Every structure is written in structure tokens, then in C-alpha cells.
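Visitor: Sharing final_15.cif (mmCIF, C-alpha atoms) below.
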```
data_coords
loop_
_atom_site.group_PDB
_atom_site.id
_atom_site.type_symbol
_atom_site.label_atom_id
_atom_site.label_comp_id
_atom_site.auth_asym_id
_atom_site.auth_seq_id
_atom_site.Cartn_x
_atom_site.Cartn_y
_atom_site.Cartn_z
ATOM 1 C CA MET V 186 -6.636 1.623 -7.292
ATOM 2 C CA LEU V 187 -3.646 1.249 -4.991
ATOM 3 C CA ILE V 188 -1.623 -1.940 -5.338
ATOM 4 C CA LEU V 189 0.060 -2.593 -1.999
ATOM 5 C CA LEU V 190 2.639 -5.150 -0.935
ATOM 6 C CA ALA V 191 2.516 -6.577 2.579
ATOM 7 C CA PRO V 192 5.188 -6.016 5.253
ATOM 8 C CA ASP V 193 6.475 -9.591 4.898
ATOM 9 C CA PHE V 194 8.256 -8.751 1.623
ATOM 10 C CA ASP V 195 11.770 -10.207 2.007
ATOM 11 C CA ALA V 196 13.615 -7.452 0.061
ATOM 12 C CA SER V 197 15.985 -9.980 -1.506
ATOM 13 C CA PRO V 198 17.666 -9.188 -4.856
ATOM 14 C CA SER V 199 15.748 -12.022 -6.509
ATOM 15 C CA SER V 200 12.423 -10.678 -5.195
ATOM 16 C CA TYR V 201 13.144 -7.184 -6.498
ATOM 17 C CA GLN V 202 14.140 -8.625 -9.862
ATOM 18 C CA ARG V 203 10.968 -10.695 -10.082
ATOM 19 C CA LEU V 204 8.853 -7.656 -9.151
ATOM 20 C CA ALA V 205 10.545 -5.679 -11.905
ATOM 21 C CA GLU V 206 9.675 -8.366 -14.440
ATOM 22 C CA LEU V 207 6.040 -8.508 -13.350
ATOM 23 C CA THR V 208 5.409 -4.757 -13.042
ATOM 24 C CA GLY V 209 7.633 -3.228 -15.701
ATOM 25 C CA LEU V 210 9.297 -1.030 -13.079
ATOM 26 C CA VAL V 211 13.067 -0.819 -12.704
ATOM 27 C CA VAL V 212 14.739 -2.331 -9.646
ATOM 28 C CA TYR V 213 16.104 1.045 -8.494
ATOM 29 C CA ASP V 214 12.597 2.496 -8.405
ATOM 30 C CA LEU V 215 11.226 -0.571 -6.636
ATOM 31 C CA LYS V 216 13.823 -0.308 -3.882
ATOM 32 C CA ASN V 217 12.585 3.213 -3.172
ATOM 33 C CA ARG V 218 8.964 2.101 -3.103
ATOM 34 C CA VAL V 219 8.975 -1.365 -1.578
ATOM 35 C CA ARG V 220 10.631 -2.222 1.726
ATOM 36 C CA THR V 221 10.300 -4.974 4.226
ATOM 37 C CA GLY V 222 8.440 -4.347 7.477
ATOM 38 C CA SER V 223 5.848 -1.907 6.161
ATOM 39 C CA TRP V 224 2.971 -1.695 3.715
ATOM 40 C CA SER V 225 4.388 -0.410 0.435
ATOM 41 C CA LEU V 226 2.641 1.338 -2.433
ATOM 42 C CA LEU V 227 3.820 -0.588 -5.473
ATOM 43 C CA LYS V 228 1.697 1.036 -8.135
ATOM 44 C CA THR V 229 -1.366 3.233 -8.688
ATOM 45 C CA LEU V 230 -3.670 2.271 -11.551
ATOM 46 C CA GLY V 231 -6.877 3.965 -12.644
ATOM 47 C CA ASP V 232 -8.309 0.945 -14.439
ATOM 48 C CA LEU V 233 -9.849 -1.589 -12.027
ATOM 49 C CA ALA V 234 -9.506 -4.539 -14.417
ATOM 50 C CA GLU V 235 -5.835 -3.793 -15.033
ATOM 51 C CA ALA V 236 -5.166 -3.356 -11.314
ATOM 52 C CA THR V 237 -6.977 -6.590 -10.480
ATOM 53 C CA GLU V 238 -5.022 -8.504 -13.126
ATOM 54 C CA LEU V 239 -1.687 -7.231 -11.835
ATOM 55 C CA ALA V 240 -2.601 -7.987 -8.206
ATOM 56 C CA ASP V 241 -3.666 -11.520 -9.175
ATOM 57 C CA THR V 242 -0.406 -11.995 -11.072
ATOM 58 C CA LEU V 243 1.620 -10.849 -8.076
ATOM 59 C CA ARG V 244 -0.257 -13.176 -5.750
ATOM 60 C CA GLY V 245 0.197 -16.023 -8.206
ATOM 61 C CA ASN V 246 3.938 -15.457 -7.992
ATOM 62 C CA GLY V 247 4.045 -15.610 -4.213
ATOM 63 C CA PHE V 248 3.779 -11.910 -3.347
ATOM 64 C CA HIS V 249 1.203 -10.811 -0.769
ATOM 65 C CA ALA V 250 -0.501 -8.027 -2.700
ATOM 66 C CA CYS V 251 -3.860 -6.357 -2.208
ATOM 67 C CA LEU V 252 -5.996 -3.709 -3.873
ATOM 68 C CA VAL V 253 -7.168 -0.726 -1.832
ATOM 69 C CA ASP V 254 -9.514 1.968 -3.058
ATOM 70 C CA PRO V 255 -7.835 5.373 -2.480
ATOM 71 C CA GLU V 256 -11.237 6.765 -1.463
ATOM 72 C CA PHE V 257 -10.861 4.892 1.838
ATOM 73 C CA ALA V 258 -8.181 7.371 2.910
ATOM 74 C CA HIS V 259 -10.821 10.035 3.662
ATOM 75 C CA HIS V 260 -14.047 8.057 3.645
ATOM 76 C CA PRO V 261 -16.608 9.747 5.963
ATOM 77 C CA GLN V 262 -17.854 6.423 7.343
ATOM 78 C CA ARG V 263 -14.362 5.449 8.491
ATOM 79 C CA LYS V 264 -14.354 7.805 11.430
ATOM 80 C CA ILE V 265 -11.590 8.082 13.995
ATOM 81 C CA VAL V 266 -12.968 8.596 17.500
ATOM 82 C CA LYS V 267 -10.887 9.794 20.417
ATOM 83 C CA LEU V 268 -10.594 7.230 23.188
ATOM 84 C CA ASP V 269 -11.254 8.668 26.649
ATOM 85 C CA ALA V 270 -9.911 5.723 28.649
ATOM 86 C CA LEU V 271 -9.070 2.056 28.366
ATOM 87 C CA GLU V 272 -9.065 -1.034 30.565
ATOM 88 C CA LEU V 273 -7.260 -4.300 29.883
ATOM 89 C CA LYS V 274 -9.164 -7.362 31.019
ATOM 90 C CA PRO V 275 -7.918 -10.973 30.736
ATOM 91 C CA ASP V 276 -9.930 -11.699 27.581
ATOM 92 C CA HIS V 277 -11.155 -8.329 26.342
ATOM 93 C CA LEU V 278 -10.643 -4.576 26.147
ATOM 94 C CA VAL V 279 -12.968 -2.018 27.694
ATOM 95 C CA LEU V 280 -13.129 1.135 25.587
ATOM 96 C CA PHE V 281 -14.472 4.346 27.084
ATOM 97 C CA LEU V 282 -15.503 6.770 24.378
ATOM 98 C CA GLN V 283 -18.245 9.334 23.884
ATOM 99 C CA GLY V 284 -19.653 8.628 27.341
ATOM 100 C CA ARG V 285 -20.011 4.878 26.811
ATOM 101 C CA ALA V 286 -18.108 1.762 27.848
ATOM 102 C CA MET V 287 -17.668 -0.961 25.238
ATOM 103 C CA ASP V 288 -16.380 -4.484 25.804
ATOM 104 C CA ILE V 289 -14.280 -5.567 22.831
ATOM 105 C CA PRO V 290 -12.778 -9.083 22.606
ATOM 106 C CA TYR V 291 -9.077 -9.073 21.801
ATOM 107 C CA GLN V 292 -9.867 -11.208 18.743
ATOM 108 C CA ALA V 293 -11.902 -8.311 17.303
ATOM 109 C CA LEU V 294 -8.810 -6.115 17.062
ATOM 110 C CA LEU V 295 -7.462 -5.893 13.510
ATOM 111 C CA THR V 296 -4.314 -3.794 13.806
ATOM 112 C CA ILE V 297 -2.777 -0.820 15.616
ATOM 113 C CA VAL V 298 -1.286 2.148 13.765
ATOM 114 C CA ARG V 299 1.085 4.216 15.881
ATOM 115 C CA GLY V 300 2.998 7.389 15.107
ATOM 116 C CA GLU V 301 3.318 11.125 15.514
ATOM 117 C CA VAL V 302 0.096 13.018 14.918
ATOM 118 C CA ARG V 303 0.599 16.572 13.717
ATOM 119 C CA LEU V 304 -2.537 18.659 14.131
ATOM 120 C CA GLY V 305 -3.304 21.220 11.468
ATOM 121 C CA ARG V 306 -1.467 19.417 8.687
ATOM 122 C CA HIS V 307 -2.960 19.945 5.221
ATOM 123 C CA GLN V 308 -5.619 22.375 6.354
ATOM 124 C CA PRO V 309 -7.108 24.316 3.408
ATOM 125 C CA ARG V 310 -5.394 27.651 2.877
ATOM 126 C CA SER V 311 -7.238 30.808 1.981
ATOM 127 C CA GLY V 312 -5.991 33.634 -0.181
ATOM 128 C CA ARG V 313 -3.455 33.688 -3.019
ATOM 129 C CA SER V 314 0.313 33.871 -2.898
ATOM 130 C CA SER V 315 0.855 35.107 -6.453
ATOM 131 C CA SER V 316 3.592 37.730 -6.715
ATOM 132 C CA SER V 317 1.335 39.803 -8.964
ATOM 133 C CA SER V 318 -0.982 40.454 -6.033
ATOM 134 C CA MET V 319 1.744 41.525 -3.583
ATOM 135 C CA ARG V 320 2.172 45.108 -2.516
ATOM 136 C CA ALA V 321 4.697 46.808 -0.265
ATOM 137 C CA LEU V 322 2.848 47.695 2.932
ATOM 138 C CA ALA V 323 3.691 49.386 6.193
ATOM 139 C CA PRO V 324 1.607 47.401 8.711
ATOM 140 C CA SER V 325 0.367 49.016 11.865
ATOM 141 C CA ALA V 326 1.137 47.651 15.332
ATOM 142 C CA ALA V 327 -2.373 46.168 15.502
ATOM 143 C CA GLU V 328 -1.908 44.404 12.169
ATOM 144 C CA VAL V 329 1.416 42.968 13.320
ATOM 145 C CA ALA V 330 -0.267 41.626 16.469
ATOM 146 C CA VAL V 331 -3.011 39.976 14.410
ATOM 147 C CA PHE V 332 -0.413 38.424 12.102
ATOM 148 C CA ARG V 333 1.532 37.003 15.031
ATOM 149 C CA GLU V 334 -1.623 35.578 16.604
ATOM 150 C CA THR V 335 -2.706 33.988 13.312
ATOM 151 C CA PHE V 336 0.745 32.529 12.677
ATOM 152 C CA SER V 337 0.918 31.109 16.181
ATOM 153 C CA ALA V 338 -2.515 29.527 15.862
ATOM 154 C CA GLY V 339 -1.579 27.943 12.547
ATOM 155 C CA THR V 340 1.572 26.184 13.702
ATOM 156 C CA GLU V 341 1.433 22.419 13.973
ATOM 157 C CA GLU V 342 1.022 20.692 17.305
ATOM 158 C CA ALA V 343 2.452 17.170 17.486
ATOM 159 C CA PHE V 344 1.813 14.298 19.864
ATOM 160 C CA ALA V 345 2.252 10.538 19.983
ATOM 161 C CA GLY V 346 -0.940 8.742 19.004
ATOM 162 C CA ALA V 347 -2.242 5.325 18.049
ATOM 163 C CA ASP V 348 -5.345 4.105 16.241
ATOM 164 C CA LEU V 349 -7.036 0.841 17.206
ATOM 165 C CA HIS V 350 -8.774 -0.722 14.192
ATOM 166 C CA PHE V 351 -11.259 -3.587 14.402
ATOM 167 C CA HIS V 352 -12.497 -6.431 12.206
ATOM 168 C CA THR V 353 -16.164 -5.792 12.860
ATOM 169 C CA VAL V 354 -16.534 -2.012 12.460
ATOM 170 C CA LEU V 355 -15.067 0.627 10.130
ATOM 171 C CA TRP V 356 -14.439 3.310 12.757
ATOM 172 C CA ALA V 357 -11.224 3.389 14.780
ATOM 173 C CA ALA V 358 -10.429 4.430 18.359
ATOM 174 C CA ARG V 359 -7.526 6.858 18.745
ATOM 175 C CA ILE V 360 -5.316 7.050 21.818
ATOM 176 C CA ASP V 361 -4.171 10.649 22.280
ATOM 177 C CA SER V 362 -1.126 10.425 24.549
ATOM 178 C CA ARG V 363 -1.440 14.021 25.769
ATOM 179 C CA GLY V 364 -4.362 13.404 28.098
ATOM 180 C CA PHE V 365 -4.405 9.631 28.341
ATOM 181 C CA ASP V 366 -4.152 7.879 31.718
ATOM 182 C CA PHE V 367 -1.300 5.368 31.469
ATOM 183 C CA SER V 368 -1.669 4.233 35.078
ATOM 184 C CA LEU V 369 -3.039 0.927 33.764
ATOM 185 C CA LEU V 370 0.564 0.027 32.882
ATOM 186 C CA PRO V 371 2.502 -1.863 35.579
ATOM 187 C CA GLU V 372 5.159 0.857 35.839
ATOM 188 C CA PRO V 373 4.389 3.950 33.730
ATOM 189 C CA THR V 374 7.520 5.940 32.916
ATOM 190 C CA GLY V 375 5.916 9.362 32.554
ATOM 191 C CA ASN V 376 7.327 9.603 29.017
ATOM 192 C CA LEU V 377 4.155 9.759 26.926
ATOM 193 C CA ALA V 378 5.643 8.357 23.731
ATOM 194 C CA GLU V 379 7.326 5.488 25.580
ATOM 195 C CA ASP V 380 4.231 4.668 27.611
ATOM 196 C CA LEU V 381 2.134 4.666 24.444
ATOM 197 C CA ARG V 382 4.608 2.283 22.829
ATOM 198 C CA ARG V 383 4.483 -0.041 25.822
ATOM 199 C CA LEU V 384 0.686 0.043 25.973
ATOM 200 C CA THR V 385 0.178 -0.678 22.282
ATOM 201 C CA GLU V 386 2.750 -3.479 22.343
ATOM 202 C CA LEU V 387 0.940 -5.012 25.323
ATOM 203 C CA ILE V 388 -2.421 -4.837 23.548
ATOM 204 C CA ALA V 389 -0.901 -6.213 20.342
ATOM 205 C CA GLU V 390 0.618 -9.148 22.204
ATOM 206 C CA ARG V 391 -2.711 -10.074 23.791
ATOM 207 C CA ALA V 392 -4.605 -9.662 20.527
ATOM 208 C CA SER V 393 -1.897 -11.206 18.314
ATOM 209 C CA VAL V 394 -1.940 -8.262 15.898
ATOM 210 C CA ARG V 395 0.718 -6.156 14.204
ATOM 211 C CA VAL V 396 1.627 -2.649 15.318
ATOM 212 C CA ASP V 397 2.324 -0.439 12.323
ATOM 213 C CA GLU V 398 4.693 2.452 12.979
ATOM 214 C CA SER V 399 6.048 2.883 9.456
ATOM 215 C CA ILE V 400 4.530 6.217 8.481
ATOM 216 C CA ARG V 401 7.980 7.821 8.310
ATOM 217 C CA LYS V 402 9.396 5.242 5.883
ATOM 218 C CA SER V 403 6.489 3.698 3.987
ATOM 219 C CA SER V 404 5.847 4.789 0.396
ATOM 220 C CA LEU V 405 2.144 4.579 1.247
ATOM 221 C CA ALA V 406 2.584 7.540 3.594
ATOM 222 C CA SER V 407 3.559 9.802 0.686
ATOM 223 C CA PHE V 408 0.277 9.028 -1.049
ATOM 224 C CA ALA V 409 -1.647 9.517 2.197
ATOM 225 C CA GLY V 410 -0.068 12.948 2.542
ATOM 226 C CA ARG V 411 -2.017 14.315 -0.392
ATOM 227 C CA PRO V 412 -4.816 16.717 0.604
ATOM 228 C CA PRO V 413 -8.247 15.061 0.598
ATOM 229 C CA PRO V 414 -10.307 15.551 -2.579
ATOM 230 C CA MET V 415 -13.368 17.768 -2.296
ATOM 231 C CA ARG V 416 -15.712 14.859 -3.030
ATOM 232 C CA SER V 417 -14.495 13.090 0.104
ATOM 233 C CA MET V 418 -15.907 15.916 2.206
ATOM 234 C CA SER V 419 -19.508 15.126 1.195
ATOM 235 C CA LEU V 420 -21.236 13.016 3.820
ATOM 236 C CA PRO V 421 -23.943 10.401 3.228
ATOM 237 C CA PRO V 422 -27.559 11.187 4.236
ATOM 238 C CA GLY V 423 -28.066 11.081 7.990
ATOM 239 C CA ALA V 424 -24.359 11.392 8.804
ATOM 240 C CA SER V 425 -23.057 14.058 11.127
ATOM 241 C CA HIS V 426 -21.926 17.222 9.381
ATOM 242 C CA ARG V 427 -19.511 18.192 12.141
ATOM 243 C CA ILE V 428 -15.984 18.326 10.769
ATOM 244 C CA GLU V 429 -12.975 18.421 13.078
ATOM 245 C CA GLU V 430 -11.309 21.816 12.984
ATOM 246 C CA LYS V 431 -7.841 20.329 13.434
ATOM 247 C CA ASP V 432 -6.657 16.967 12.211
ATOM 248 C CA ASP V 433 -3.607 15.300 10.726
ATOM 249 C CA PHE V 434 -4.937 14.327 7.324
ATOM 250 C CA GLN V 435 -1.794 12.365 6.473
ATOM 251 C CA PHE V 436 -1.741 10.230 9.620
ATOM 252 C CA SER V 437 -5.495 9.628 9.525
ATOM 253 C CA ALA V 438 -5.440 8.724 5.826
ATOM 254 C CA TYR V 439 -2.408 6.465 6.272
ATOM 255 C CA SER V 440 -4.041 4.791 9.261
ATOM 256 C CA ARG V 441 -7.237 4.040 7.314
ATOM 257 C CA LEU V 442 -5.355 2.670 4.301
ATOM 258 C CA VAL V 443 -3.197 0.396 6.462
ATOM 259 C CA ALA V 444 -6.298 -0.891 8.243
ATOM 260 C CA GLU V 445 -8.017 -1.728 4.956
ATOM 261 C CA ALA V 446 -4.902 -3.491 3.695
ATOM 262 C CA GLU V 447 -4.703 -5.511 6.923
ATOM 263 C CA ARG V 448 -8.423 -6.314 6.666
ATOM 264 C CA GLN V 449 -7.951 -7.763 3.189
ATOM 265 C CA ALA V 450 -4.658 -9.526 3.838
ATOM 266 C CA LYS V 451 -5.271 -10.968 7.287
ATOM 267 C CA PRO V 452 -6.724 -14.324 6.151
ATOM 268 C CA LYS V 453 -4.068 -14.716 3.459
ATOM 269 C CA LEU V 454 -1.170 -13.893 5.772
ATOM 270 C CA THR V 455 -2.537 -16.096 8.543
ATOM 271 C CA ALA V 456 -2.989 -19.038 6.225
ATOM 272 C CA SER V 457 0.488 -18.796 4.737
#
```
Could you show the structure in this file as C-alpha cells?

Guide:
Amino acid sequence: MLILLAPDFDASPSSYQRLAELTGLVVYDLKNRVRTGSWSLLKTLGDLAEATELADTLRGNGFHACLVDPEFAHHPQRKIVKLDALELKPDHLVLFLQGRAMDIPYQALLTIVRGEVRLGRHQPRSGRSSSSSMRALAPSAAEVAVFRETFSAGTEEAFAGADLHFHTVLWAARIDSRGFDFSLLPEPTGNLAEDLRRLTELIAERASVRVDESIRKSSLASFAGRPPPMRSMSLPPGASHRIEEKDDFQFSAYSRLVAEAERQAKPKLTAS
């Protein structure tokens, strides 16, 4: 289980010292793991009872901690669906996806995760790179052309993206800035990353939710960057067996984990 600390951690010397006493970790290590403003991975424990006890202890000492199952990072039911278009109404969103229009009240929005999506990251690699299997070859012109084409196709493509997560459903709607129509903004700049930032901030303000853009600094992102386990690729009966050919496993996994943490912590953070 993942033990996460909420973004409201104050990062004071006394808080780090208290965390060290409760977790058995040294302050230096904690400062690398836990930072204010982002969800932080404090500890990973395999025993559920031990993880639950530590999380309860942290909460009893005033820290906003939650437990998140690492399986959620690649869970097949937590799909991410590309958003075709979006409309902002006075009291609700209109989502256009997969040929349908959906009215979503702003109150149903849980959180927004924004960042750079890098397609092709952590795709399975074929073949072996062992030096024992290498031979000196003189490739032909045709082989060189194939190599160049394969290398070009395998390079990462990056774009600004954002996932909209909801209280009521497990799937998320992704805004892909490359083909998104930002004309709904009062004065779109033409800079895709900037327009995405402005749009998500506008939605977040109306829905009173947090925009997470901490994937570059959060310790949780390092865990999310691990390749998905093979068991996560098995789908439940009746589910679609279509798997996206290109995806950013780290961003998608990070996005799902943040959403689950927000889902668990929302009532606690609101009440405090």
C-alpha cells in the first residue's frame, strides 16, 4: 500500500521532525520525499494492517495521510477517455466524448491533473541488449532505412494535457491540447500550453477543485513511472480488449493515483 501525504503539508522543521519520529525515517530522506503543494509518497508497505496502523497514527498526529492501492495506477476500469470538445455553462460542464454530449455539474468534478504527456513512454521493448548476443554487421542501405524509420517511430511525442476526474465515476476525461478548440476562452492566446492552463484554472475556479501539476516534483511521480505489472493488463469479463498503442504510462498512472488520493481526502480536507 502507498502511504501518501496531502499537499497541505507545511514543510516546517517541526513537522519533518515529527514525521521522522512517527515513521522511523531520517529527516534528510523525508525532505526528498515530502514537499508542500503536492501529493507525496511517504512510504510503501506490503502489509495492509501495518500500513493502516501507520496511516491512522499519522492522522492522529494532525497529518493528512491516506492509503492508496498501487493497483489503481493501471487499473483497467479507471479508463482515460479523450475529450473531443467542452462547453462551460453557468452551473455545469458539457463534455463531448465518443460521439455523446454529457452534462456534468461542476460539483461532480473531483480534481484536475495537468502536465506534459509523453506518448510512447514505457512501451514494452522487444529483443535483448546483452553484449553476448552482439555481432559486428555491415548493414545494407535497406536495413539502414528500416532502422531509421523504426527509430523515428519510437521517439516520444509530447504535448500539454489535463485529466478531469469526477466524484461519481472512475473514468477520467483527458484534454489533448494538440487538437482541442480553445475558442471557448475569452481571449485564446494560441499558445496551447498557456491556453490549457487558463482553461483548467477557469474550470477549477468554478468547481472549487485543486489543479495538480506536480508530476515533475512529486515523489509519487517516481513510483508512477514504473512500468505496469503484467497482471494489470488483464481485463475483467465484458471489458473492451482494445489497448492504446501509444500512451504515457507515467502520466496516466500518476493521474489515477492523485485522483484516488483526492477522492479519499476530500471530505477530510474540506472539514478541516

Visitor: Could you pull the residues within 12 Å of V:Ala392, counting all atoms listed in the file, minus those fewer than 5 positions along the same chain, as a list in words?

Guide: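 Once the adjacent positions are removed, what remains is Leu273, Lys274, Pro275, Asp276, His277, Leu278, Ile289, Pro290, Tyr291, Gln292, Ala293, Leu294, Leu295, Thr296, Ile297, Leu349, His350, Phe351, His352, Thr385, Glu386 and Leu387 of chain V.
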
Visitor: Applied to this file, what does the PyMOL selection byres ((chain V and resi 214) around 12) return in terms of residues, put as a PDB file with C-alpha atoms, in the frame of the given file?

Guide:
```pdb
ATOM      1  CA  TYR V 201      13.144  -7.184  -6.498  1.00  0.00           C
ATOM      2  CA  GLN V 202      14.140  -8.625  -9.862  1.00  0.00           C
ATOM      3  CA  LEU V 204       8.853  -7.656  -9.151  1.00  0.00           C
ATOM      4  CA  ALA V 205      10.545  -5.679 -11.905  1.00  0.00           C
ATOM      5  CA  THR V 208       5.409  -4.757 -13.042  1.00  0.00           C
ATOM      6  CA  GLY V 209       7.633  -3.228 -15.701  1.00  0.00           C
ATOM      7  CA  LEU V 210       9.297  -1.030 -13.079  1.00  0.00           C
ATOM      8  CA  VAL V 211      13.067  -0.819 -12.704  1.00  0.00           C
ATOM      9  CA  VAL V 212      14.739  -2.331  -9.646  1.00  0.00           C
ATOM     10  CA  TYR V 213      16.104   1.045  -8.494  1.00  0.00           C
ATOM     11  CA  LEU V 215      11.226  -0.571  -6.636  1.00  0.00           C
ATOM     12  CA  LYS V 216      13.823  -0.308  -3.882  1.00  0.00           C
ATOM     13  CA  ASN V 217      12.585   3.213  -3.172  1.00  0.00           C
ATOM     14  CA  ARG V 218       8.964   2.101  -3.103  1.00  0.00           C
ATOM     15  CA  VAL V 219       8.975  -1.365  -1.578  1.00  0.00           C
ATOM     16  CA  ARG V 220      10.631  -2.222   1.726  1.00  0.00           C
ATOM     17  CA  LEU V 226       2.641   1.338  -2.433  1.00  0.00           C
ATOM     18  CA  LEU V 227       3.820  -0.588  -5.473  1.00  0.00           C
ATOM     19  CA  LYS V 228       1.697   1.036  -8.135  1.00  0.00           C
ATOM     20  CA  SER V 404       5.847   4.789   0.396  1.00  0.00           C
TER      21      SER V 404
END
```

Visitor: Quick one: distance from atom CA of V:Phe367 to atom CA of V:Leu442 in Å, one decimal?

Guide: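 Computing it gives 27.6 Å between the two atoms.
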
Visitor: Provide the atom CA of V:Glu256 to atom CA of V:Met186 distance in Å, to one decimal place.

Guide: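 Between atom CA of V:Glu256 and atom CA of V:Met186 the gap works out to 9.0 Å.
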
Visitor: Could you tell me which residues the PyMOL selection byres ((chain V and resi 187) around 7) grabs in this file, written as a PDB file with C-alpha atoms, in the coordinates of the input?

Guide:
```pdb
ATOM      1  CA  MET V 186      -6.636   1.623  -7.292  1.00  0.00           C
ATOM      2  CA  ILE V 188      -1.623  -1.940  -5.338  1.00  0.00           C
ATOM      3  CA  LEU V 189       0.060  -2.593  -1.999  1.00  0.00           C
ATOM      4  CA  LEU V 226       2.641   1.338  -2.433  1.00  0.00           C
ATOM      5  CA  LYS V 228       1.697   1.036  -8.135  1.00  0.00           C
ATOM      6  CA  THR V 229      -1.366   3.233  -8.688  1.00  0.00           C
ATOM      7  CA  LEU V 230      -3.670   2.271 -11.551  1.00  0.00           C
ATOM      8  CA  LEU V 252      -5.996  -3.709  -3.873  1.00  0.00           C
ATOM      9  CA  VAL V 253      -7.168  -0.726  -1.832  1.00  0.00           C
ATOM     10  CA  ASP V 254      -9.514   1.968  -3.058  1.00  0.00           C
ATOM     11  CA  PRO V 255      -7.835   5.373  -2.480  1.00  0.00           C
TER      12      PRO V 255
END
```

Visitor: Just the number, please: distance in Å from atom CA of V:Ser403 to atom CA of V:Leu268, one decimal.

Guide: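 Separation of atom CA of V:Ser403 and atom CA of V:Leu268: 25.9 Å.
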
Visitor: Identify the residues around (6.6, -12.2, 5.6) within a radius of 10 Å, measuring from all atoms listed in the file in the coordinates stated by the file, and give them as an MDAnalysis selection string.

Guide: chainID V and resid 191:195 221:222 248:249 454 457

Visitor: To test your reading of the syntax: which residues would the PyMOL selection byres ((chain V and resi 397) around 10) return for the file shown? Reply as a ChimeraX atom specification.

Guide: /V:192,222-224,296-300,347-348,394-396,398-400,440,443-444
